[in-house]
Structures are given as C-alpha cells and as structure tokens.
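This is run-v2.txt. It holds compact mmCIF, C-alpha atoms and all ligand atoms.
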# COMPACT_ATOMS: atom_id res chain seq x y z
CA MET B 1 4.10 5.00 -16.44
CA TYR B 2 3.40 3.68 -19.92
CA GLN B 3 0.70 5.10 -22.19
CA GLY B 4 -2.77 3.97 -21.22
CA PHE B 5 -1.99 3.16 -17.59
CA TYR B 6 -3.79 6.25 -16.28
CA ASP B 7 -7.27 7.49 -17.14
CA GLU B 8 -8.31 11.07 -17.68
CA ILE B 9 -9.44 11.40 -14.08
CA HIS B 10 -5.92 10.61 -12.87
CA GLU B 11 -4.50 13.24 -15.18
CA GLU B 12 -6.92 15.82 -13.77
CA PHE B 13 -5.82 14.81 -10.29
CA ARG B 14 -2.21 15.17 -11.50
CA ASP B 15 -2.83 18.83 -12.33
CA VAL B 16 -3.77 19.46 -8.69
CA VAL B 17 -0.77 17.52 -7.41
CA ARG B 18 1.65 19.22 -9.79
CA GLU B 19 0.52 22.63 -8.68
CA PHE B 20 0.70 21.59 -5.04
CA VAL B 21 4.27 20.34 -5.49
CA ALA B 22 5.34 23.45 -7.39
CA ARG B 23 3.79 25.84 -4.89
CA GLU B 24 4.05 24.10 -1.51
CA VAL B 25 6.90 21.61 -1.70
CA ALA B 26 9.64 22.34 -4.23
CA PRO B 27 10.45 25.95 -3.28
CA ASP B 28 11.31 25.12 0.34
CA TYR B 29 12.40 21.53 0.01
CA ALA B 30 16.14 22.28 0.18
CA SER B 31 15.72 24.11 3.49
CA TRP B 32 13.67 21.22 4.91
CA ASP B 33 16.39 18.86 3.78
CA ALA B 34 18.96 20.95 5.64
CA ALA B 35 16.72 21.14 8.75
CA HIS B 36 15.90 17.39 8.58
CA MET B 37 12.25 18.33 9.11
CA MET B 38 9.18 19.30 7.16
CA PRO B 39 6.82 21.91 8.59
CA ARG B 40 3.21 21.25 9.58
CA ARG B 41 2.13 23.66 6.89
CA LEU B 42 3.12 21.05 4.27
CA TRP B 43 0.61 18.61 5.75
CA GLU B 44 -2.03 21.31 6.02
CA ALA B 45 -1.53 22.29 2.39
CA ALA B 46 -1.72 18.63 1.36
CA ALA B 47 -4.98 18.33 3.33
CA GLU B 48 -6.42 21.46 1.71
CA ASN B 49 -5.70 19.94 -1.70
CA GLY B 50 -7.32 16.63 -0.78
CA LEU B 51 -4.04 14.70 -0.91
CA LEU B 52 -4.09 13.10 2.55
CA GLY B 53 -6.00 10.00 3.54
CA LEU B 54 -7.07 9.34 -0.05
CA ALA B 55 -8.85 6.10 0.81
CA VAL B 56 -10.89 7.55 3.69
CA PRO B 57 -14.55 6.95 2.74
CA GLU B 58 -16.75 9.94 2.01
CA GLU B 59 -18.89 9.41 5.10
CA TYR B 60 -15.78 10.10 7.20
CA GLY B 61 -14.82 13.23 5.31
CA GLY B 62 -12.53 11.66 2.71
CA LEU B 63 -12.62 11.19 -1.03
CA GLY B 64 -12.87 7.40 -0.88
CA LEU B 65 -10.20 7.01 -3.58
CA ASN B 66 -9.42 3.31 -3.40
CA ASP B 67 -7.81 3.31 -6.83
CA TYR B 68 -4.13 3.18 -5.93
CA ARG B 69 -3.17 5.00 -9.14
CA PHE B 70 -4.07 8.26 -7.38
CA ARG B 71 -1.41 7.58 -4.76
CA MET B 72 1.03 6.82 -7.58
CA VAL B 73 0.34 10.18 -9.20
CA ILE B 74 1.39 11.91 -5.95
CA ASP B 75 4.61 9.88 -5.89
CA GLU B 76 5.33 10.59 -9.53
CA GLU B 77 5.04 14.31 -9.13
CA LEU B 78 7.15 14.34 -5.97
CA ALA B 79 9.77 12.13 -7.66
CA ARG B 80 9.89 14.40 -10.71
CA ALA B 81 10.48 17.39 -8.44
CA ASN B 82 13.11 15.39 -6.56
CA CYS B 83 11.18 15.68 -3.27
CA MET B 84 11.00 12.03 -2.27
CA ALA B 85 11.20 12.65 1.47
CA ALA B 86 7.72 14.17 1.28
CA ALA B 87 6.57 11.04 -0.56
CA LEU B 88 7.99 8.89 2.25
CA ALA B 89 6.23 10.95 4.94
CA PHE B 90 2.88 10.65 3.14
CA HIS B 91 3.46 6.93 2.55
CA LEU B 92 3.78 6.22 6.25
CA HIS B 93 0.51 7.99 6.91
CA ASP B 94 -1.53 6.73 3.94
CA ASP B 95 -0.06 3.29 3.21
CA TRP B 96 0.93 1.99 6.62
CA VAL B 97 -1.25 3.58 9.30
CA LEU B 98 -4.47 4.45 7.47
CA PRO B 99 -5.00 0.90 6.08
CA ALA B 100 -4.73 -0.42 9.64
CA VAL B 101 -7.58 1.85 10.73
CA LEU B 102 -9.66 1.11 7.64
CA SER B 103 -9.35 -2.63 8.06
CA LEU B 104 -9.23 -3.09 11.84
CA ALA B 105 -11.19 -0.26 13.46
CA THR B 106 -14.71 -0.53 14.79
CA GLU B 107 -17.33 1.88 13.44
CA GLU B 108 -16.89 4.03 16.54
CA GLN B 109 -13.11 4.16 16.08
CA LYS B 110 -13.49 5.00 12.40
CA ALA B 111 -15.78 7.90 13.24
CA THR B 112 -13.20 9.19 15.73
CA TRP B 113 -10.02 8.73 13.74
CA LEU B 114 -10.70 8.72 10.02
CA PRO B 115 -11.66 12.39 9.60
CA ARG B 116 -8.36 13.25 11.27
CA PHE B 117 -6.40 11.35 8.62
CA THR B 118 -7.59 13.80 5.97
CA ASP B 119 -7.36 17.16 7.75
CA ALA B 120 -3.74 17.01 8.98
CA SER B 121 -4.80 17.07 12.64
CA PHE B 122 -3.35 13.59 13.19
CA VAL B 123 -0.09 13.11 11.31
CA THR B 124 0.93 9.53 11.95
CA SER B 125 3.92 7.23 12.30
CA VAL B 126 4.20 3.50 12.23
CA ALA B 127 6.11 2.36 15.29
CA TYR B 128 7.00 -1.29 14.97
CA THR B 129 10.81 -1.35 14.93
CA GLU B 130 12.89 -1.34 18.12
CA PRO B 131 16.63 -1.29 18.74
CA GLY B 132 16.54 -5.09 19.15
CA ALA B 133 13.66 -5.91 16.80
CA GLY B 134 13.48 -5.04 13.11
CA SER B 135 13.05 -7.98 10.76
CA ASP B 136 12.05 -10.11 13.71
CA LEU B 137 9.10 -8.34 15.32
CA ARG B 138 8.63 -11.19 17.79
CA ALA B 139 11.60 -9.67 19.60
CA VAL B 140 9.61 -6.48 20.36
CA ARG B 141 10.06 -5.57 24.04
CA SER B 142 7.71 -2.58 24.39
CA LYS B 143 4.83 -3.78 26.47
CA VAL B 144 1.44 -2.78 27.76
CA GLU B 145 -0.13 -3.57 31.13
CA ARG B 146 -3.89 -3.64 31.38
CA ASN B 147 -5.36 -1.38 34.08
CA ALA B 148 -8.48 -2.10 36.17
CA ASP B 149 -10.56 0.35 34.09
CA GLY B 150 -9.64 -1.39 30.82
CA SER B 151 -7.09 1.22 29.75
CA TYR B 152 -3.43 0.34 29.13
CA THR B 153 -0.05 1.60 30.29
CA LEU B 154 2.71 1.41 27.69
CA ASN B 155 6.45 1.27 28.35
CA GLY B 156 9.20 0.78 25.81
CA GLN B 157 11.36 2.20 23.08
CA LYS B 158 11.12 2.35 19.30
CA THR B 159 13.62 3.41 16.66
CA PHE B 160 13.79 4.44 12.97
CA ILE B 161 10.32 5.98 13.25
CA GLY B 162 9.46 8.21 10.31
CA ASN B 163 7.39 11.29 11.26
CA GLY B 164 8.46 10.37 14.79
CA ILE B 165 9.17 13.95 15.86
CA SER B 166 6.83 15.86 13.56
CA GLY B 167 3.86 13.49 13.95
CA ASP B 168 0.95 13.53 16.40
CA GLY B 169 0.85 9.85 17.19
CA SER B 170 1.80 6.33 16.20
CA LEU B 171 0.50 2.94 15.36
CA VAL B 172 2.40 1.02 18.02
CA LEU B 173 3.11 -2.69 18.24
CA ALA B 174 3.59 -3.81 21.84
CA ARG B 175 3.66 -7.00 23.86
CA ASP B 176 0.33 -7.65 25.51
CA GLY B 177 0.59 -10.56 27.92
CA GLU B 178 1.59 -13.60 25.88
CA GLY B 179 0.79 -11.95 22.56
CA TYR B 180 1.24 -8.62 20.77
CA SER B 181 -1.34 -5.90 20.13
CA LEU B 182 -1.65 -2.79 18.01
CA PHE B 183 -2.58 0.59 19.47
CA LEU B 184 -3.15 4.08 18.16
CA VAL B 185 -1.20 6.22 20.59
CA GLU B 186 -1.48 10.01 20.70
CA LYS B 187 1.38 12.23 21.75
CA LYS B 188 -0.87 15.05 22.97
CA ASP B 189 -1.49 15.10 26.74
CA ASN B 190 0.82 12.12 27.12
CA PRO B 191 4.03 13.40 28.75
CA GLY B 192 5.58 9.94 28.75
CA TYR B 193 5.47 9.83 24.93
CA THR B 194 8.76 11.49 23.96
CA PRO B 195 10.66 11.51 20.70
CA GLY B 196 14.33 10.88 21.27
CA ARG B 197 17.30 11.41 19.03
CA GLN B 198 16.64 12.52 15.47
CA LEU B 199 18.59 10.05 13.32
CA ASP B 200 20.99 11.41 10.71
CA LYS B 201 20.05 9.46 7.59
CA MET B 202 22.06 9.15 4.35
CA GLY B 203 19.19 10.47 2.26
CA LEU B 204 15.53 11.48 2.38
CA LYS B 205 16.70 13.87 5.07
CA ALA B 206 13.69 16.19 5.03
CA SER B 207 11.63 13.35 6.50
CA ASP B 208 12.35 13.19 10.23
CA THR B 209 13.27 9.75 11.54
CA ALA B 210 13.63 9.31 15.27
CA GLU B 211 13.69 7.17 18.33
CA LEU B 212 10.52 7.15 20.43
CA PHE B 213 10.32 6.54 24.14
CA PHE B 214 7.20 5.42 25.98
CA ASP B 215 7.34 5.92 29.71
CA ASP B 216 4.08 5.00 31.48
CA VAL B 217 2.11 6.20 28.49
CA HIS B 218 -1.64 6.07 29.07
CA ILE B 219 -3.66 4.40 26.29
CA PRO B 220 -7.45 4.48 26.57
CA ALA B 221 -9.12 1.10 26.06
CA GLU B 222 -10.74 2.34 22.86
CA ASN B 223 -7.34 2.91 21.23
CA LEU B 224 -6.69 -0.81 20.87
CA LEU B 225 -6.83 -1.57 17.16
CA GLY B 226 -7.97 -5.01 16.09
CA GLU B 227 -7.99 -8.03 18.35
CA PRO B 228 -5.86 -8.11 21.50
CA GLY B 229 -2.97 -10.54 21.11
CA ARG B 230 -3.26 -10.69 17.31
CA GLY B 231 -1.05 -7.70 16.44
CA LEU B 232 1.49 -9.70 14.45
CA GLU B 233 -1.21 -11.38 12.36
CA HIS B 234 -2.74 -7.96 11.71
CA ILE B 235 0.63 -6.60 10.59
CA LYS B 236 1.03 -9.53 8.23
CA ASP B 237 -2.38 -8.75 6.72
CA LEU B 238 -1.34 -5.12 6.26
CA LEU B 239 2.00 -5.89 4.60
CA PRO B 240 0.66 -6.25 1.03
CA GLN B 241 -0.31 -2.58 0.79
CA GLY B 242 2.93 -1.34 2.38
CA ARG B 243 5.00 -3.52 0.04
CA LEU B 244 2.91 -2.52 -2.97
CA ALA B 245 3.51 1.13 -2.07
CA LEU B 246 7.27 0.60 -2.05
CA SER B 247 7.07 -1.28 -5.36
CA THR B 248 5.21 1.50 -7.10
CA ALA B 249 7.54 4.11 -5.56
CA ALA B 250 10.52 2.17 -6.93
CA VAL B 251 9.28 2.19 -10.53
CA VAL B 252 8.21 5.81 -10.24
CA VAL B 253 11.68 6.88 -9.12
CA VAL B 254 13.40 4.96 -11.93
CA ASP B 255 11.05 6.60 -14.43
CA ALA B 256 11.98 10.07 -13.15
CA VAL B 257 15.70 9.30 -12.96
CA LEU B 258 15.78 7.80 -16.45
CA SER B 259 14.26 10.99 -17.92
CA GLN B 260 16.73 13.17 -15.98
CA THR B 261 19.64 11.02 -17.13
CA VAL B 262 18.58 11.09 -20.78
CA ARG B 263 18.57 14.89 -20.55
CA TYR B 264 21.92 15.01 -18.77
CA VAL B 265 23.81 12.77 -21.21
CA ALA B 266 22.36 14.70 -24.16
CA GLU B 267 24.12 17.84 -22.91
CA ARG B 268 27.38 16.66 -21.41
CA GLU B 269 30.33 16.10 -23.74
CA ALA B 270 33.57 14.10 -23.59
CA PHE B 271 36.12 13.31 -26.31
CA GLY B 272 34.33 15.68 -28.68
CA GLN B 273 30.96 14.02 -28.51
CA ARG B 274 27.92 13.89 -26.32
CA ILE B 275 27.90 11.24 -23.60
CA ALA B 276 24.57 10.15 -25.10
CA GLU B 277 26.35 9.08 -28.29
CA PHE B 278 28.64 6.48 -26.72
CA GLN B 279 27.29 3.04 -27.40
CA ASN B 280 27.78 2.15 -23.75
CA THR B 281 25.44 4.97 -22.73
CA ARG B 282 22.79 4.09 -25.30
CA PHE B 283 22.86 0.41 -24.36
CA ALA B 284 22.72 1.14 -20.63
CA LEU B 285 19.75 3.47 -21.01
CA ALA B 286 17.99 1.13 -23.45
CA ASP B 287 18.41 -1.70 -20.97
CA ILE B 288 16.89 0.38 -18.15
CA ALA B 289 14.02 1.55 -20.39
CA ALA B 290 13.16 -2.03 -21.37
CA ARG B 291 13.33 -3.33 -17.82
CA LEU B 292 11.41 -0.34 -16.51
CA GLU B 293 8.52 -1.04 -18.83
CA ALA B 294 8.57 -4.73 -17.84
CA ASN B 295 8.44 -3.66 -14.18
CA GLN B 296 5.67 -1.14 -14.84
CA ARG B 297 3.52 -3.71 -16.63
CA TYR B 298 4.19 -6.21 -13.87
CA ILE B 299 3.12 -3.62 -11.29
CA ALA B 300 -0.03 -2.88 -13.26
CA GLY B 301 -0.99 -6.55 -12.83
CA VAL B 302 -0.10 -6.47 -9.13
CA LEU B 303 -2.27 -3.39 -8.78
CA GLU B 304 -5.19 -5.24 -10.34
CA GLN B 305 -4.76 -7.97 -7.73
CA PHE B 306 -4.69 -5.31 -5.02
CA HIS B 307 -7.84 -3.61 -6.29
CA ALA B 308 -9.61 -6.97 -6.40
CA GLY B 309 -8.59 -7.60 -2.76
CA GLU B 310 -6.44 -10.53 -3.89
CA LEU B 311 -2.91 -9.30 -3.27
CA ASP B 312 -1.40 -11.62 -0.68
CA VAL B 313 1.84 -11.17 1.21
CA VAL B 314 3.83 -13.50 -1.07
CA ALA B 315 2.75 -11.70 -4.26
CA ALA B 316 3.47 -8.33 -2.65
CA SER B 317 6.88 -9.57 -1.49
CA LYS B 318 7.74 -10.73 -5.01
CA ALA B 319 6.74 -7.33 -6.36
CA LYS B 320 8.78 -5.42 -3.79
CA LEU B 321 11.83 -7.65 -4.23
CA THR B 322 11.74 -7.34 -8.03
CA THR B 323 11.07 -3.62 -8.31
CA THR B 324 13.25 -2.30 -5.50
CA GLU B 325 16.29 -4.38 -6.47
CA PHE B 326 15.79 -3.22 -10.06
CA ALA B 327 15.53 0.40 -8.90
CA LYS B 328 18.72 0.13 -6.88
CA GLU B 329 20.62 -1.19 -9.89
CA ALA B 330 19.05 1.19 -12.43
CA VAL B 331 19.64 4.33 -10.38
CA ASP B 332 23.23 3.24 -9.74
CA THR B 333 23.77 2.94 -13.50
CA CYS B 334 22.23 6.38 -14.06
CA LEU B 335 24.50 7.83 -11.39
CA GLN B 336 27.52 6.32 -13.15
CA LEU B 337 26.47 7.98 -16.41
CA HIS B 338 26.57 11.35 -14.62
CA GLY B 339 30.25 10.84 -13.77
CA GLY B 340 31.41 12.94 -10.83
CA TYR B 341 28.29 15.07 -10.87
CA GLY B 342 26.28 11.98 -9.99
CA TYR B 343 28.01 12.00 -6.64
CA ILE B 344 27.04 15.59 -5.89
CA LEU B 345 23.89 15.92 -3.84
CA GLU B 346 22.48 18.85 -5.76
CA TYR B 347 22.00 16.49 -8.70
CA PRO B 348 18.67 14.63 -8.57
CA VAL B 349 20.32 11.32 -9.40
CA ALA B 350 22.40 11.46 -6.20
CA GLN B 351 19.28 12.10 -4.13
CA ALA B 352 17.44 9.30 -5.91
CA TYR B 353 20.33 6.93 -5.30
CA LEU B 354 20.01 7.56 -1.56
CA ALA B 355 16.23 7.26 -1.67
CA VAL B 356 16.14 3.90 -3.43
CA ARG B 357 18.81 2.55 -1.12
CA LEU B 358 16.22 2.51 1.65
CA MET B 359 13.67 0.62 -0.42
CA THR B 360 15.34 -2.78 -0.18
CA ILE B 361 15.52 -2.39 3.63
CA PHE B 362 12.33 -0.72 4.84
CA GLY B 363 9.06 -2.66 4.86
CA GLY B 364 10.86 -6.00 4.79
CA THR B 365 14.48 -6.42 3.69
CA SER B 366 15.11 -8.24 0.42
CA GLU B 367 16.38 -11.20 2.43
CA ILE B 368 13.16 -11.38 4.47
CA LEU B 369 11.14 -11.12 1.25
CA LYS B 370 13.09 -14.04 -0.19
CA GLU B 371 12.39 -16.04 2.96
CA THR B 372 8.67 -15.30 2.58
CA ILE B 373 8.71 -16.29 -1.09
CA ALA B 374 10.83 -19.39 -0.49
CA ARG B 375 8.52 -20.63 2.28
CA GLU B 376 5.69 -20.82 -0.22
CA LEU B 377 7.84 -22.83 -2.62
CA SER B 378 8.68 -25.57 -0.13
C1 LIG B 401 15.29 5.41 7.08
C2 LIG B 401 14.49 4.34 7.75
C3 LIG B 401 13.17 4.56 8.02
C4 LIG B 401 12.42 3.61 8.68
N1 LIG B 401 11.14 3.89 9.03
C5 LIG B 401 10.49 3.04 9.87
C6 LIG B 401 9.22 3.41 10.42
O1 LIG B 401 8.69 4.49 10.12
N2 LIG B 401 8.63 2.56 11.29
C7 LIG B 401 9.19 1.35 11.63
O2 LIG B 401 8.59 0.63 12.42
N3 LIG B 401 10.39 0.98 11.11
C8 LIG B 401 11.05 1.79 10.25
N4 LIG B 401 12.27 1.44 9.76
C9 LIG B 401 12.85 0.16 10.16
C10 LIG B 401 12.98 -0.86 9.04
O3 LIG B 401 11.73 -1.40 8.71
C11 LIG B 401 14.00 -1.91 9.53
O4 LIG B 401 15.27 -1.28 9.49
C12 LIG B 401 14.00 -3.17 8.69
O5 LIG B 401 12.81 -3.89 8.89
C13 LIG B 401 15.18 -4.08 9.02
O6 LIG B 401 15.29 -4.29 10.40
P1 LIG B 401 16.71 -4.04 11.14
O7 LIG B 401 17.20 -2.71 10.75
O8 LIG B 401 16.54 -4.34 12.57
O9 LIG B 401 17.68 -5.08 10.47
P2 LIG B 401 17.97 -6.57 10.99
O10 LIG B 401 16.68 -7.27 11.19
O11 LIG B 401 18.93 -6.49 12.13
O12 LIG B 401 18.71 -7.19 9.73
C14 LIG B 401 20.12 -7.02 9.46
C15 LIG B 401 20.45 -7.86 8.22
O13 LIG B 401 20.19 -9.24 8.51
C16 LIG B 401 19.30 -9.76 7.54
N5 LIG B 401 18.40 -10.75 8.13
C17 LIG B 401 17.60 -10.60 9.21
N6 LIG B 401 16.87 -11.72 9.41
C18 LIG B 401 17.23 -12.57 8.40
C19 LIG B 401 16.81 -13.89 8.04
N7 LIG B 401 15.88 -14.57 8.73
N8 LIG B 401 17.40 -14.48 6.96
C20 LIG B 401 18.34 -13.81 6.24
N9 LIG B 401 18.76 -12.57 6.53
C21 LIG B 401 18.21 -11.97 7.60
C22 LIG B 401 18.53 -8.56 7.03
O14 LIG B 401 17.97 -8.81 5.74
C23 LIG B 401 19.61 -7.49 7.00
O15 LIG B 401 20.37 -7.63 5.83
C24 LIG B 401 13.01 2.37 9.03
C25 LIG B 401 14.35 2.13 8.71
C26 LIG B 401 15.10 3.09 8.10
C27 LIG B 401 16.55 2.81 7.79
Any chance you could put this one into structure tokens?
Amino acid sequence: MYQGFYDEIHEEFRDVVREFVAREVAPDYASWDAAHMMPRRLWEAAAENGLLGLAVPEEYGGLGLNDYRFRMVIDEELARANCMAAALAFHLHDDWVLPAVLSLATEEQKATWLPRFTDASFVTSVAYTEPGAGSDLRAVRSKVERNADGSYTLNGQKTFIGNGISGDGSLVLARDGEGYSLFLVEKKDNPGYTPGRQLDKMGLKASDTAELFFDDVHIPAENLLGEPGRGLEHIKDLLPQGRLALSTAAVVVVDAVLSQTVRYVAEREAFGQRIAEFQNTRFALADIAARLEANQRYIAGVLEQFHAGELDVVAASKAKLTTTEFAKEAVDTCLQLHGGYGYILEYPVAQAYLAVRLMTIFGGTSEILKETIARELS
C-alpha cells in the first residue's frame, strides 16, 4: 500500500506475520499445492501467532483487532510469498464466518464459539452455494426440519465449499419452512455430514474446495444463528465485509505482482536490451502503477466507511467490482510481460493470474454486483 496507509503498530504486526509466513507457510506450500490440502498444523501455527479470529473481542480470548488493516497485512505477506491459497482459507474463516457470529450470535453462543475461532479448534467454511444455487441463493434446496425438542435435522448438498474437507464445520444456509435460516453445523459426531468430491481448481490449489453432503444431520437448537427465516437478509448484511475482503485482496495481489514484474523485466533481455527498456513495457507498468494507487486510495476510503460501520452492500459491491476487474486486467498484462515464462506455474505471476481469476466470481460475480449497483441507480 502507499506510504502512510499503515501505522507503526501494523508494521510491528507485519514482522510477526512475515516470520510466520517464512517459517510455517512458504517452505511447504508447494507440497500443499500438489496435495490440494493444507495441514492442520498451519492453522495451529496461525493460532499460536495470534493470526486467527483477529476481530474476536478480548473477553472471548481474541485480540479484538477491528482495524481491517491487520487483516490486509496478513494478505500482503502471503501474496508476497505467493501463498494466496492460505489467504483464501483464512478469509473464509475470518471474513465470512466470524462476522456472522460476531453480529448474529447471542451472548451464550459467543461464549461457546468465539474462543474456538482463535485457537484453531473450529476451522470453518461458508456453505451457501449448491449445485443449483450460486448467484441466486433463493434456489437453495438444502432444508431443515424442526424436531419436537427444538433441534433441527438438515438434509441437502452444497458445492464449491472452501475448507470443506479440512474444516471442522460450516455456516450453512438452508430452507426453513417458508424462509431460510443460518446454522453453525459441526462435523464432529455428525456422521451424516460428509465432504464429497474434492474439486480440481485451476489455481489456489492448496486450499481444499469440496462438495458437502448433509444426510439427516442433527443440529442442536442453539446452533441457529440469527433469526429463523431471515437467513437471506442476514447474508445480505454480511456481504459488505466479504466484498471488502476481496477488494483489499485484489489490490494486494496487484501490488505484489507489479513488484515481481518490475524485477523480472529488469533482468530479461530481448533484441539486445532489457525488456524493461521497451517503451511498451514502461507504459504498461506505469499504467498499472497509476491505477493501482488510485485503487489503493479508493480502498482506503472504503475502509474508513467500514470502520465507521457505514459500508453498505452497494458501496462494497462497487469496490469489489472496481478492484477485482482491475486486478484481473493488471495481472494479465504482467503475465504478458513475462512472455512464455508467465504461463509456467512456477512463476508467481502465473499463480497470481489464477488467483485473481476467482475474485470476479466468488462473493458475488461482477454481473451480480452490477445488478446490485444498477438497482440503486433506478
Ligand atoms: C474456487 C471457488 C471457491 C468457492 N468457495 C465458496 C465457498 O467457500 N462457499 C460458498 O458458499 N460458495 C463458494 N463458491 C461459490 C461462488 O460464490 C459461486 O460460484 C458464485 O456465487 C457464482 O455462482 P454460480 O457458480 O452458481 O454461477 P451462476 O449463478 O450459475 O452464474 C453463471 C453466470 O451467469 C451470470 N448471472 C447469474 N445471474 C445473473 C443475473 N441476474 N444477471 C446477469 N448475469 C447473471 C453470472 O454472473 C455468471 O457469469 C466458490 C466458487 C469457486 C469457483
């Protein structure tokens, strides 16, 4: 990010994160990528370093870090080390599931769940999407039946669920009578909760993404999150943070890729000169640098809205649309400047290209974001 965006306290936090990434993530990342899975020890190490559940208040065992710049520091360091699948896995936990608990849980639920968000004993997934319901969550077919004792029985199927195999449980959206409700569902002691096929993604492979099957899964009454029947409204209220997270991740990745590309073109030669010396290269990189700073300063303003509790779904959608589409274009240009090497997966730019490709799809496709923005205009 640009000079002055972070304070000293963030830079101190960065030292911890950098060491964590160098010691616990980067050395084994390639083998996780090949295995399409990250080990539990990664989560445990993140917990030991205070990097999980950043926003969990101190009374529940967390650090109460509501300043989103701390989350950005984690992303930056993972992006610089070209380990974005770990960033995605942490995002799902900290930016999609945790905010739901923080904003919707009762005091009793918070006391039960929040400490587990920080100590790696409850690695979470967000389970909204189904084979027939992605952009249109009203088409969700998974459903719960209420039992006489107030508990629920869940049946259904989800897909594209990050941390779906490696995780301990999910934030599940299911039909509940005429409406939809949200539940925290644990895998442990629930034989009907079974991960299905591990999906073979283009990129971000170290993060496991899977189908989930729910076959007569028992959900205690106290695992209902928020109001029964209001699950879709709750999801809408949670979208700003998820979309903000993707926006910041997009600018962070471009920042890392731009630096890598500047280094690459300074070394590579063609026609007796460095690639960096061709006017086309200098103009392309200058254009990305200028637009990156515009995006960063825009995001800084969006972050202020978020910190003030004023970031609504339309503003967050505009931010995600702008930054992720920019990232897609900028990383593509950087890949082109690498020539054939840009297409080889051992080069960070190729990995980044695959990572940003997801960003205009996950958390609301660009088309859905435009619909949301356009609705406000009319
Ligand atoms: C790698 C990966 C990880 C994911 N992780 C998770 C996860 O952890 N948890 C989870 O719940 N989900 C996850 N998802 C799902 C993701 O959020 C959905 O893929 C996304 O919301 C789009 O839904 P869909 O795939 O069903 O596409 P569809 O809804 O079928 O859309 C197909 C196309 O039609 C367009 N379209 C749809 N509706 C409209 C409209 N009204 N107007 C104009 N165009 C429209 C879309 O923009 C898109 O271009 C993940 C997806 C991927 C690929």
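You can rank B:Tyr68, B:Phe278, B:Trp113, B:Phe160 by their closest distance to ligand LIG 401 (chain B) using all atoms listed in the file, and at the top of that list sits B:Phe160.
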Any idea what's packed within 8 Å of stretch 203-207 of chain B, counting only C-alpha atoms, ignoring anything in its chain fewer than 6 positions away? Could you give it as a list in words?
-> Tyr29, Trp32, Asp33, Ala34, Ala35, His36, Met37, Met38, Met84, Ala85, Ala86, Leu88, Ala89, Gly162, Asn163, Gln351, Leu354 and Ala355 of chain B
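Here atom CA of B:Tyr298 is placed at a distance of 12.6 Å from atom CA of B:Ala250.
Atom pair atom O13 of ligand LIG 401 (chain B) / atom CA of B:Leu98 has a distance of 28.2 Å (rounded to one decimal).
Nearest to B:Asn223 of all the residues B:Gly169, B:Gly272, B:Pro27, B:Gly196 is B:Gly169, counting all atoms listed in the file.
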Using only C-alpha atoms, determine which residues lie at most 12 Å from B:Leu246, disregarding the query and same-chain residues fewer than 4 positions distant; provide the list as a ChimeraX atom specification.
-> /B:71-72,75,87-88,91-92,95-96,239-242,250-253,299,316-325,327,355-365
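Within 10 Å of B:Gly179, once all atoms listed in the file are used and residues closer than 2 positions along the same chain are dropped, the contacting residues are Arg138, Lys143, Ala174, Arg175, Asp176, Gly177, Ser181, Pro228, Gly229, Arg230, Gly231 and Leu232 of chain B.
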Atom CA of B:Leu285 to atom CA of B:Phe5, straight-line distance in Å = 22.0 Å
So which residues touch B:Val73 within 10 Å, counting all atoms listed in the file, skipping near sequence neighbours fewer than 2 positions away, as a VMD selection string?
-> chain B and resid 1 6 10 to 11 13 to 15 17 to 18 68 to 71 75 to 79 252
Centre and edge lengths, as AutoDock Vina command-line options, for the axis-aligned box enclosing every listed atom of stretch 353-364 of chain B with 3 Å of padding on each of the six sides, in Å to one decimal?
--center_x 14.7 --center_y 0.8 --center_z -0.2 --size_x 17.3 --size_y 19.6 --size_z 16.2
Pick out the closest residue to ligand LIG 401 (chain B) from this set: B:Val349, B:Ile368, B:Ala105, B:Leu54. Count only C-alpha atoms and all ligand atoms.
-> B:Ile368
Please identify all polymer residues within 9 Å of B:Asp94, counting only C-alpha atoms, omitting same-chain residues fewer than 6 positions from it, and present them as a list in words.
-> Leu52, Gly53, Leu54, Ala55, Arg71, Phe117 and Thr124 of chain B
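Minimum atom-to-atom distance to B:Leu345, evaluated using only C-alpha atoms, belongs to B:Met202 out of B:Leu114, B:Ile165, B:Met202, B:Leu65.
With all atoms listed in the file as the basis for measurement, B:Lys158 is the residue among B:Lys158, B:Arg375, B:Arg40, B:Arg116 that approaches ligand LIG 401 (chain B) most closely.
Considering the residues B:Asp149, B:Glu376, B:Glu19, B:Asp7 and counting all atoms listed in the file, B:Val314 has its shortest atom-to-atom contact with B:Glu376.
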Complete the atoms of stretch 317-328 of chain B to N, CA and C atoms and put them out as a tab-separated table (two decimals), in the coordinates of the input.
chain	number	residue	atom	x	y	z
B	317	SER	N	5.44	-9.44	-1.76
B	317	SER	CA	6.88	-9.57	-1.49
B	317	SER	C	7.65	-9.75	-2.79
B	318	LYS	N	7.08	-10.55	-3.71
B	318	LYS	CA	7.74	-10.73	-5.01
B	318	LYS	C	7.84	-9.39	-5.74
B	319	ALA	N	6.76	-8.62	-5.67
B	319	ALA	CA	6.74	-7.33	-6.36
B	319	ALA	C	7.78	-6.39	-5.76
B	320	LYS	N	7.82	-6.34	-4.43
B	320	LYS	CA	8.78	-5.42	-3.79
B	320	LYS	C	10.22	-5.85	-4.07
B	321	LEU	N	10.48	-7.15	-3.97
B	321	LEU	CA	11.83	-7.65	-4.23
B	321	LEU	C	12.26	-7.28	-5.66
B	322	THR	N	11.39	-7.56	-6.62
B	322	THR	CA	11.74	-7.34	-8.03
B	322	THR	C	11.97	-5.87	-8.33
B	323	THR	N	11.02	-5.04	-7.92
B	323	THR	CA	11.07	-3.62	-8.31
B	323	THR	C	12.14	-2.84	-7.55
B	324	THR	N	12.29	-3.11	-6.26
B	324	THR	CA	13.25	-2.30	-5.50
B	324	THR	C	14.69	-2.69	-5.82
B	325	GLU	N	14.92	-3.98	-6.07
B	325	GLU	CA	16.29	-4.38	-6.47
B	325	GLU	C	16.60	-3.82	-7.85
B	326	PHE	N	15.60	-3.82	-8.73
B	326	PHE	CA	15.79	-3.22	-10.06
B	326	PHE	C	16.10	-1.73	-9.91
B	327	ALA	N	15.34	-1.05	-9.06
B	327	ALA	CA	15.53	0.40	-8.90
B	327	ALA	C	16.93	0.70	-8.39
B	328	LYS	N	17.38	-0.10	-7.45
B	328	LYS	CA	18.72	0.13	-6.88
B	328	LYS	C	19.78	0.05	-7.98
